[in-house]
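Report on the structure given below.
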Amino acid sequence: MLNETIIENSKKLFQLYIPNLLSLLTGNEFLNFIEKSYTFTVLNDGKTANRNFLVTFLLLVEEVAKNESQEIRNELGYFNFLLGEFAKIEKNKEFKNLVLSVVNNFEQNDFKNVLGEIAVCLVLSNNAELLKYESVQQNNKSIDFEFKDADGNTFLVEVLNIEYNSAKYEKGNPFEKFICGRLETKFNEKSMDLSVPDKNRILIFPIIHGFSIEIVRENILYLTTINKKRFPKDGFNSFNPMSFAKVQGTYFSLFTMEEIAVGELKRNNNGI
């Protein structure tokens, strides 16, 4: 049964490991999460389709209790960092909608993918204004973000998490064909039945999981020039991919391919 002890212990974990999330949520929103998560856990024995925020939070409880690992604490530390960095840019209702969706979605939302979405949102928010999270188009397809640039032009960004099996790696065209295929599939899924002008507003932002440093280095030219070409079949654009890694002894974070390839950070004050 949910009681004051569980609520207070949960709040202490938030305060210690993800204080920026606690600052973002109202008291009622925090209690709503605790109540919903407790009910869901009891009914489903903590099982979900993916390792979402709830499962990550339960893993944190277990990790802290046993004090056997820092893995989840590092992951949530990065989440806390992202929330803190976004707070420096502007207070944005749509960003809070993203965070609330992340926290309260107990059925889906693999937390690793969620971190990628939030990091991408932060990267783009340094140079554009976030207008809408989950922007529904005329084809009833939802695209992750709608932004407005400094010139007043709006564009849509779909974050694509790609799981790459390095055991199947083949240098050159097979590798490029795999990445291009995933980008084209996602674009076609989201742009189906849209007009050409609406299609032209869509950009794909790939985050690739499973790369080794060797794979990145062998394909660095391709990985750092994807944004300079339109895909000939569908005529859409992509951002250069990023990937989670450890660079210069850092903890879990999102890096450009250049940073991973050379093993050093080359970021300005406007980047994460």
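Starting from 1 in every chain, residues are counted up; chains themselves are A, B, ... following the order of the structure tokens, and ligands are numbered from 1 as listed.
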Would you please extract all alpha helix (DSSP H) residues from stretch 33-157 of chain A, as assigned by DSSP on the backbone, and give them as JSON, numbers by chain?
-> {"A": [33, 34, 35, 36, 37, 38, 39, 40, 41, 42, 43, 44, 53, 54, 55, 56, 57, 58, 59, 60, 61, 62, 63, 64, 65, 66, 71, 72, 73, 74, 75, 76, 77, 78, 79, 80, 81, 82, 83, 84, 85, 86, 87, 88, 89, 93, 94, 95, 96, 97, 98, 99, 100, 101, 102, 103, 104, 111, 112, 113, 114, 115, 116, 117, 118, 119, 120, 121, 122, 123, 124, 125]}
Based on DSSP run over this structure's backbone, return all residues of stretch 121-269 of chain A in strand (DSSP E), as a ChimeraX atom specification.
-> /A:129-136,142-148,154-163,202-209,237-238,242-245,253-256
Would you list the contacts of A:Glu218 as number ranges by chain, taking every protein, DNA or RNA residue within 12 Å and counting only C-alpha atoms, but skipping same-chain residues closer than 6 positions in sequence?
-> A: 169-173, 175-176, 211-212, 224, 257-258, 260-262
Writing out the chosen residues with N, CA, C and O atoms as a tab-separated table (two decimals), in the first residue's frame:
chain	number	residue	atom	x	y	z
A	169	TYR	N	29.08	-5.65	-38.98
A	169	TYR	CA	29.68	-4.51	-39.65
A	169	TYR	C	30.49	-4.92	-40.88
A	169	TYR	O	31.31	-5.83	-40.83
A	170	GLU	N	30.23	-4.21	-41.99
A	170	GLU	CA	31.03	-4.32	-43.20
A	170	GLU	C	31.38	-2.91	-43.65
A	170	GLU	O	30.48	-2.08	-43.86
A	171	LYS	N	32.64	-2.65	-43.82
A	171	LYS	CA	33.09	-1.31	-44.18
A	171	LYS	C	32.59	-0.92	-45.56
A	171	LYS	O	32.49	-1.75	-46.46
A	172	GLY	N	32.29	0.37	-45.74
A	172	GLY	CA	31.94	0.88	-47.05
A	172	GLY	C	30.46	0.85	-47.35
A	172	GLY	O	29.63	1.15	-46.49
A	173	ASN	N	30.11	0.46	-48.56
A	173	ASN	CA	28.74	0.56	-49.04
A	173	ASN	C	27.72	-0.19	-48.20
A	173	ASN	O	26.61	0.33	-47.97
A	175	PHE	N	27.60	-0.63	-45.05
A	175	PHE	CA	27.37	0.21	-43.87
A	175	PHE	C	26.51	1.42	-44.25
A	175	PHE	O	25.50	1.71	-43.60
A	176	GLU	N	26.89	2.11	-45.31
A	176	GLU	CA	26.14	3.29	-45.75
A	176	GLU	C	24.73	2.90	-46.18
A	176	GLU	O	23.76	3.64	-45.90
A	211	PHE	N	27.88	1.64	-31.95
A	211	PHE	CA	29.11	1.90	-32.68
A	211	PHE	C	30.33	1.65	-31.80
A	211	PHE	O	30.30	1.87	-30.59
A	212	SER	N	31.42	1.22	-32.43
A	212	SER	CA	32.73	1.23	-31.78
A	212	SER	C	33.50	2.42	-32.33
A	212	SER	O	33.13	2.99	-33.37
A	224	THR	N	29.94	12.42	-41.25
A	224	THR	CA	29.99	13.87	-41.01
A	224	THR	C	29.55	14.68	-42.22
A	224	THR	O	29.67	15.91	-42.21
A	257	MET	N	30.06	12.71	-34.12
A	257	MET	CA	30.99	11.70	-34.64
A	257	MET	C	32.43	12.21	-34.63
A	257	MET	O	33.36	11.43	-34.41
A	258	GLU	N	32.61	13.51	-34.87
A	258	GLU	CA	33.97	14.06	-34.82
A	258	GLU	C	34.58	13.91	-33.43
A	258	GLU	O	35.75	13.53	-33.29
A	260	ILE	N	33.85	11.72	-31.16
A	260	ILE	CA	34.14	10.32	-30.87
A	260	ILE	C	35.39	9.87	-31.63
A	260	ILE	O	36.26	9.18	-31.09
A	261	ALA	N	35.51	10.28	-32.90
A	261	ALA	CA	36.62	9.84	-33.74
A	261	ALA	C	37.97	10.32	-33.24
A	261	ALA	O	38.95	9.57	-33.22
A	262	VAL	N	38.03	11.59	-32.79
A	262	VAL	CA	39.32	12.14	-32.36
A	262	VAL	C	39.53	12.01	-30.86
A	262	VAL	O	40.62	12.25	-30.35
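Look at A:Asn105: the protein and nucleic acid residues within 12 Å of it, using only C-alpha atoms and passing over chain neighbours fewer than 2 places away, are Phe33, Lys36, Ser37, Phe40, Thr48, Ala49, Asn50, Arg51, Asn52, Phe53, Leu54, Val55, Asn97, Leu98, Val99, Leu100, Ser101, Val102, Val103, Glu107, Gln108, Asn109, Asp110, Phe111 and Val114 of chain A.
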Write out as a PyMOL selection string which residues come within 12 Å of A:Glu129 when counting only C-alpha atoms, dropping same-chain ones fewer than 2 positions away.
-> chain A and resi 86+89-95+121-127+131-133+145-156
Include N, CA, C and O atoms and write out the residues we just selected as a tab-separated table (two decimals), in the first residue's frame.
chain	number	residue	atom	x	y	z
A	86	PHE	N	18.61	22.84	-20.27
A	86	PHE	CA	17.47	23.42	-20.98
A	86	PHE	C	16.87	24.57	-20.18
A	86	PHE	O	16.41	25.56	-20.76
A	89	ILE	N	18.11	27.95	-21.09
A	89	ILE	CA	17.74	28.53	-22.37
A	89	ILE	C	16.44	29.31	-22.25
A	89	ILE	O	16.36	30.49	-22.55
A	90	GLU	N	15.40	28.64	-21.84
A	90	GLU	CA	14.11	29.30	-21.67
A	90	GLU	C	13.14	28.32	-21.01
A	90	GLU	O	13.30	27.12	-21.09
A	91	LYS	N	12.13	28.89	-20.37
A	91	LYS	CA	11.07	28.05	-19.84
A	91	LYS	C	10.07	27.83	-20.96
A	91	LYS	O	9.50	28.77	-21.48
A	92	ASN	N	9.85	26.59	-21.31
A	92	ASN	CA	9.03	26.30	-22.46
A	92	ASN	C	8.01	25.23	-22.11
A	92	ASN	O	8.38	24.12	-21.70
A	93	LYS	N	6.75	25.55	-22.29
A	93	LYS	CA	5.68	24.62	-21.94
A	93	LYS	C	5.79	23.33	-22.73
A	93	LYS	O	5.53	22.24	-22.21
A	94	GLU	N	6.17	23.43	-24.00
A	94	GLU	CA	6.25	22.23	-24.83
A	94	GLU	C	7.36	21.30	-24.35
A	94	GLU	O	7.23	20.09	-24.43
A	95	PHE	N	8.46	21.87	-23.85
A	95	PHE	CA	9.52	21.02	-23.31
A	95	PHE	C	9.02	20.29	-22.07
A	95	PHE	O	9.31	19.10	-21.87
A	121	CYS	N	16.61	17.89	-28.62
A	121	CYS	CA	15.80	19.08	-28.39
A	121	CYS	C	16.65	20.21	-27.85
A	121	CYS	O	16.52	21.37	-28.25
A	122	LEU	N	17.56	19.89	-26.95
A	122	LEU	CA	18.44	20.90	-26.37
A	122	LEU	C	19.41	21.44	-27.41
A	122	LEU	O	19.62	22.66	-27.51
A	123	VAL	N	20.01	20.55	-28.20
A	123	VAL	CA	20.95	20.98	-29.24
A	123	VAL	C	20.29	21.97	-30.19
A	123	VAL	O	20.83	23.04	-30.49
A	124	LEU	N	19.09	21.63	-30.66
A	124	LEU	CA	18.41	22.47	-31.63
A	124	LEU	C	17.86	23.75	-31.01
A	124	LEU	O	17.75	24.78	-31.68
A	125	SER	N	17.53	23.70	-29.73
A	125	SER	CA	16.96	24.87	-29.06
A	125	SER	C	17.98	25.98	-28.85
A	125	SER	O	17.61	27.12	-28.53
A	126	ASN	N	19.26	25.67	-29.05
A	126	ASN	CA	20.27	26.71	-28.94
A	126	ASN	C	20.17	27.70	-30.09
A	126	ASN	O	20.62	28.85	-29.98
A	127	ASN	N	19.60	27.26	-31.23
A	127	ASN	CA	19.53	28.12	-32.41
A	127	ASN	C	18.12	28.26	-32.98
A	127	ASN	O	17.95	28.92	-34.02
A	131	LEU	N	8.47	25.00	-30.87
A	131	LEU	CA	7.06	25.40	-30.96
A	131	LEU	C	6.12	24.31	-30.45
A	131	LEU	O	5.11	24.59	-29.82
A	132	LYS	N	6.47	23.06	-30.76
A	132	LYS	CA	5.54	21.98	-30.45
A	132	LYS	C	6.26	20.66	-30.27
A	132	LYS	O	7.15	20.32	-31.05
A	133	TYR	N	5.91	19.95	-29.22
A	133	TYR	CA	6.36	18.56	-29.04
A	133	TYR	C	5.23	17.66	-29.53
A	133	TYR	O	4.07	17.89	-29.21
A	145	PHE	N	9.30	16.99	-33.06
A	145	PHE	CA	9.43	18.41	-32.71
A	145	PHE	C	9.11	19.31	-33.90
A	145	PHE	O	9.44	18.98	-35.04
A	146	GLU	N	8.53	20.46	-33.59
A	146	GLU	CA	8.38	21.54	-34.56
A	146	GLU	C	9.13	22.75	-34.01
A	146	GLU	O	8.89	23.18	-32.88
A	147	PHE	N	10.04	23.30	-34.83
A	147	PHE	CA	10.86	24.43	-34.43
A	147	PHE	C	10.65	25.62	-35.37
A	147	PHE	O	10.18	25.46	-36.50
A	148	LYS	N	11.04	26.80	-34.90
A	148	LYS	CA	11.07	28.00	-35.73
A	148	LYS	C	12.47	28.58	-35.66
A	148	LYS	O	13.01	28.80	-34.57
A	149	ASP	N	13.08	28.83	-36.84
A	149	ASP	CA	14.45	29.36	-36.85
A	149	ASP	C	14.44	30.88	-36.73
A	149	ASP	O	13.38	31.52	-36.63
A	150	ALA	N	15.63	31.48	-36.77
A	150	ALA	CA	15.78	32.92	-36.55
A	150	ALA	C	15.10	33.74	-37.64
A	150	ALA	O	14.76	34.91	-37.43
A	151	ASP	N	14.90	33.14	-38.82
A	151	ASP	CA	14.26	33.84	-39.93
A	151	ASP	C	12.74	33.65	-39.94
A	151	ASP	O	12.06	34.11	-40.86
A	152	GLY	N	12.22	32.93	-38.94
A	152	GLY	CA	10.78	32.72	-38.87
A	152	GLY	C	10.28	31.51	-39.61
A	152	GLY	O	9.07	31.27	-39.67
A	153	ASN	N	11.19	30.72	-40.19
A	153	ASN	CA	10.80	29.51	-40.91
A	153	ASN	C	10.61	28.35	-39.93
A	153	ASN	O	11.39	28.20	-38.99
A	154	THR	N	9.58	27.57	-40.15
A	154	THR	CA	9.34	26.41	-39.28
A	154	THR	C	9.84	25.14	-39.95
A	154	THR	O	9.82	25.01	-41.18
A	155	PHE	N	10.31	24.22	-39.12
A	155	PHE	CA	10.75	22.92	-39.64
A	155	PHE	C	10.43	21.84	-38.62
A	155	PHE	O	10.25	22.11	-37.42
A	156	LEU	N	10.34	20.62	-39.09
A	156	LEU	CA	9.95	19.47	-38.27
A	156	LEU	C	11.13	18.53	-38.13
A	156	LEU	O	11.87	18.29	-39.09
Find the residues around stretch 22-32 of chain A up to 9 Å (only C-alpha atoms counted), leave out those fewer than 2 positions away in its own chain, and share them as an MDAnalysis selection string.
-> chainID A and resid 7 11 14:15 18:20 34:37 83 87 96 99:100 104
Shell of 10 Å around A:Asn227, only C-alpha atoms, local chain residues under 3 positions omitted, as a PDB file with C-alpha atoms, in the first residue's frame:
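And here's out-v9.pdb as it stands now:
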ATOM      1  CA  LEU A 203      14.404  16.501 -41.169  1.00  0.00           C
ATOM      2  CA  ILE A 204      15.563  13.252 -39.600  1.00  0.00           C
ATOM      3  CA  PHE A 205      17.995  13.400 -36.658  1.00  0.00           C
ATOM      4  CA  TYR A 222      30.285   9.631 -44.546  1.00  0.00           C
ATOM      5  CA  LEU A 223      29.012  10.182 -40.999  1.00  0.00           C
ATOM      6  CA  THR A 224      29.986  13.866 -41.010  1.00  0.00           C
ATOM      7  CA  ARG A 230      19.467  15.385 -49.969  1.00  0.00           C
ATOM      8  CA  PHE A 231      18.463  11.783 -50.287  1.00  0.00           C
ATOM      9  CA  ASN A 237      17.458  16.025 -45.405  1.00  0.00           C
ATOM     10  CA  SER A 238      19.109  14.517 -42.359  1.00  0.00           C
ATOM     11  CA  PHE A 239      21.250  15.907 -39.591  1.00  0.00           C
ATOM     12  CA  ASN A 240      24.609  14.296 -39.046  1.00  0.00           C
ATOM     13  CA  PRO A 241      24.205  11.442 -36.552  1.00  0.00           C
TER      14      PRO A 241
END
Mind giving me the straight-line distance from atom CA of A:Lys112 to atom CA of A:Thr185 in Å, one decimal?
->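 For atom CA of A:Lys112 relative to atom CA of A:Thr185, the distance reads 21.2 Å.
You will find atom CA of A:Val64 at 13.7 Å from atom CA of A:Gly77.
Each of A:Ser166, A:Asn139, A:Thr5, A:Asn188 was compared to A:Ile213 using only C-alpha atoms, and A:Ser166 turns out to be the nearest.
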Restricting the calculation to only C-alpha atoms, which member of A:Lys190, A:Tyr164, A:Leu254, A:Val157 is positioned closest to A:Phe178?
->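 Between A:Lys190, A:Tyr164, A:Leu254, A:Val157, the residue approaching A:Phe178 most closely is A:Tyr164.
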Point-to-point distance in Å for atom CA of A:Asn165 and atom CA of A:Gln70 | 25.4 Å
